[in-house]
Amino acid sequence: MTRPPTAAQRRVIDAADPVTGRLRGTEAQLAALVKRGLAFRHPRPPHDHFLTPAGHRTREAPEPLTATEPRAATEPRAATEPEPTGGFAARVGGEDSADTGPARAREVHSAWQGLLELRRMTNPDGATDRPCGWERAHLVRAAALALEAAGHPPEGPDTPGYRVRATPQ
């Protein structure tokens, strides 16, 4: 187990871009985060620093308790958190779990950027404003990803939102 980040390092981690994880800080702070495995230095210029998955988990974890806080709050939350299911899945609406945290925002952003790259690579003229073959073959998932990437919330058990379903057409 490693030591928790210092207060200055924690401020740098907390100030990171929520989607990309780009860090801003002094060279010493960034080098210390790289050494701890919480950040990496991009190999291409301008050689910016970004959070690693461990850095994102540190950012999303609650602040460590001080000596004056009660011990009951230190119980693990792992039993109440859902298990990861594997790959990314766009929300079509009507699901019970509605994780809307920063990790989900990063996943949606990455999936949308991947879809735009797929459009660029498969359209003959490299256009990204027209659907590609994958989107035509997976209409429900593509529409749900587009809605979620645009910031629209999916329908939940008690919340209104979008719901995407296949039709006979």
# chains A, B, ... in the order shown; residues from 1 in each chain; ligands from 1
call {"tool": "residues_around", "arguments": {"residues": "stretch 147-154 of chain A", "least_positions_apart": "5", "cutoff": "9 Å", "atoms": "only C-alpha atoms", "output": "JSON, numbers by chain"}}
result
{"A": [90, 91, 92, 93, 94, 95, 98, 100, 105, 108, 109, 111, 112, 142, 159, 160, 161, 162, 163, 164]}
call {"tool": "select_by_dssp", "arguments": {"residues": "chain A", "states": "alpha helix (DSSP H)", "output": "ChimeraX atom specification"}}
result
/A:7-14,27-36,53-60,102-122,133-137,139-149
call {"tool": "select_by_dssp", "arguments": {"residues": "chain A", "states": "strand (DSSP E)", "output": "MDAnalysis selection string"}}
result
chainID A and resid 22:23 39:41 49:51
call {"tool": "write_last_selection", "arguments": {"atoms": "N, CA and C atoms", "output": "short mmCIF file (atom, residue, chain, number, x, y, z; two decimals), in the first residue's frame"}}
result
data_model
loop_
_atom_site.label_atom_id
_atom_site.label_comp_id
_atom_site.auth_asym_id
_atom_site.auth_seq_id
_atom_site.Cartn_x
_atom_site.Cartn_y
_atom_site.Cartn_z
N ARG A 22 -6.09 16.01 -17.66
CA ARG A 22 -4.88 16.83 -17.83
C ARG A 22 -4.58 17.57 -16.54
N LEU A 23 -3.31 17.52 -16.14
CA LEU A 23 -2.87 18.11 -14.88
C LEU A 23 -2.12 19.41 -15.11
N ALA A 39 0.05 9.64 -12.29
CA ALA A 39 0.05 10.46 -13.50
C ALA A 39 1.09 9.91 -14.47
N PHE A 40 0.97 10.33 -15.72
CA PHE A 40 2.00 10.00 -16.71
C PHE A 40 2.26 11.22 -17.57
N ARG A 41 3.45 11.27 -18.14
CA ARG A 41 3.85 12.37 -19.00
C ARG A 41 3.66 11.91 -20.44
N HIS A 49 1.01 16.39 -18.66
CA HIS A 49 0.81 15.29 -17.72
C HIS A 49 -0.68 15.00 -17.59
N PHE A 50 -1.03 13.71 -17.46
CA PHE A 50 -2.41 13.27 -17.36
C PHE A 50 -2.53 12.25 -16.23
N LEU A 51 -3.73 12.18 -15.65
CA LEU A 51 -3.99 11.19 -14.60
C LEU A 51 -4.02 9.79 -15.19
#
call {"tool": "atom_distance", "arguments": {"atom1": "atom CA of A:Arg106", "atom2": "atom CA of A:Arg3"}}
result
26.2 Å
call {"tool": "closest_residue", "arguments": {"among": "A:Glu135, A:Gly21, A:Pro102, A:Asp96", "to": "A:Asn123", "atoms": "only C-alpha atoms"}}
result
A:Glu135
call {"tool": "closest_residue", "arguments": {"among": "A:Gly133, A:Asp17, A:Pro5, A:Met121", "to": "A:Ala54", "atoms": "only C-alpha atoms"}}
result
A:Pro5
call {"tool": "residues_around", "arguments": {"residues": "A:Gly101", "least_positions_apart": "6", "cutoff": "12 Å", "atoms": "only C-alpha atoms", "output": "VMD selection string"}}
result
chain A and resid 18 to 19 56 to 57 59 to 61 107 to 108
call {"tool": "decode", "arguments": {"residues": "stretch 123-134 of chain A", "atoms": "N, CA, C and O atoms", "output": "PDB file, in the first residue's frame"}}
result
ATOM      1  N   ASN A 123     -15.800   6.843 -43.724  1.00  0.00           N
ATOM      2  CA  ASN A 123     -16.434   7.640 -44.774  1.00  0.00           C
ATOM      3  C   ASN A 123     -15.385   7.971 -45.831  1.00  0.00           C
ATOM      4  O   ASN A 123     -14.259   8.343 -45.498  1.00  0.00           O
ATOM      5  N   PRO A 124     -15.747   7.834 -47.107  1.00  0.00           N
ATOM      6  CA  PRO A 124     -14.745   8.021 -48.172  1.00  0.00           C
ATOM      7  C   PRO A 124     -14.043   9.382 -48.143  1.00  0.00           C
ATOM      8  O   PRO A 124     -12.857   9.469 -48.430  1.00  0.00           O
ATOM      9  N   ASP A 125     -14.764  10.421 -47.790  1.00  0.00           N
ATOM     10  CA  ASP A 125     -14.149  11.746 -47.773  1.00  0.00           C
ATOM     11  C   ASP A 125     -13.657  12.154 -46.386  1.00  0.00           C
ATOM     12  O   ASP A 125     -13.223  13.287 -46.191  1.00  0.00           O
ATOM     13  N   GLY A 126     -13.710  11.257 -45.421  1.00  0.00           N
ATOM     14  CA  GLY A 126     -13.234  11.557 -44.072  1.00  0.00           C
ATOM     15  C   GLY A 126     -14.172  12.422 -43.256  1.00  0.00           C
ATOM     16  O   GLY A 126     -13.772  12.971 -42.234  1.00  0.00           O
ATOM     17  N   ALA A 127     -15.423  12.547 -43.688  1.00  0.00           N
ATOM     18  CA  ALA A 127     -16.384  13.398 -42.983  1.00  0.00           C
ATOM     19  C   ALA A 127     -16.797  12.754 -41.659  1.00  0.00           C
ATOM     20  O   ALA A 127     -16.950  11.538 -41.564  1.00  0.00           O
ATOM     21  N   THR A 128     -16.991  13.592 -40.653  1.00  0.00           N
ATOM     22  CA  THR A 128     -17.450  13.100 -39.351  1.00  0.00           C
ATOM     23  C   THR A 128     -18.886  13.527 -39.053  1.00  0.00           C
ATOM     24  O   THR A 128     -19.403  13.215 -37.989  1.00  0.00           O
ATOM     25  N   ASP A 129     -19.522  14.219 -40.004  1.00  0.00           N
ATOM     26  CA  ASP A 129     -20.888  14.692 -39.760  1.00  0.00           C
ATOM     27  C   ASP A 129     -21.950  13.740 -40.308  1.00  0.00           C
ATOM     28  O   ASP A 129     -23.132  14.007 -40.182  1.00  0.00           O
ATOM     29  N   ARG A 130     -21.527  12.637 -40.901  1.00  0.00           N
ATOM     30  CA  ARG A 130     -22.466  11.637 -41.414  1.00  0.00           C
ATOM     31  C   ARG A 130     -22.250  10.305 -40.703  1.00  0.00           C
ATOM     32  O   ARG A 130     -21.118   9.956 -40.374  1.00  0.00           O
ATOM     33  N   PRO A 131     -23.317   9.539 -40.486  1.00  0.00           N
ATOM     34  CA  PRO A 131     -23.165   8.236 -39.818  1.00  0.00           C
ATOM     35  C   PRO A 131     -22.314   7.272 -40.633  1.00  0.00           C
ATOM     36  O   PRO A 131     -22.247   7.355 -41.857  1.00  0.00           O
ATOM     37  N   CYS A 132     -21.677   6.359 -39.922  1.00  0.00           N
ATOM     38  CA  CYS A 132     -20.878   5.330 -40.584  1.00  0.00           C
ATOM     39  C   CYS A 132     -21.664   4.015 -40.595  1.00  0.00           C
ATOM     40  O   CYS A 132     -22.775   3.928 -40.079  1.00  0.00           O
ATOM     41  N   GLY A 133     -21.075   3.003 -41.167  1.00  0.00           N
ATOM     42  CA  GLY A 133     -21.733   1.704 -41.274  1.00  0.00           C
ATOM     43  C   GLY A 133     -22.072   1.092 -39.927  1.00  0.00           C
ATOM     44  O   GLY A 133     -23.128   0.467 -39.759  1.00  0.00           O
ATOM     45  N   TRP A 134     -21.186   1.244 -38.941  1.00  0.00           N
ATOM     46  CA  TRP A 134     -21.460   0.668 -37.627  1.00  0.00           C
ATOM     47  C   TRP A 134     -22.717   1.289 -37.035  1.00  0.00           C
ATOM     48  O   TRP A 134     -23.540   0.591 -36.439  1.00  0.00           O
TER      49      TRP A 134
END
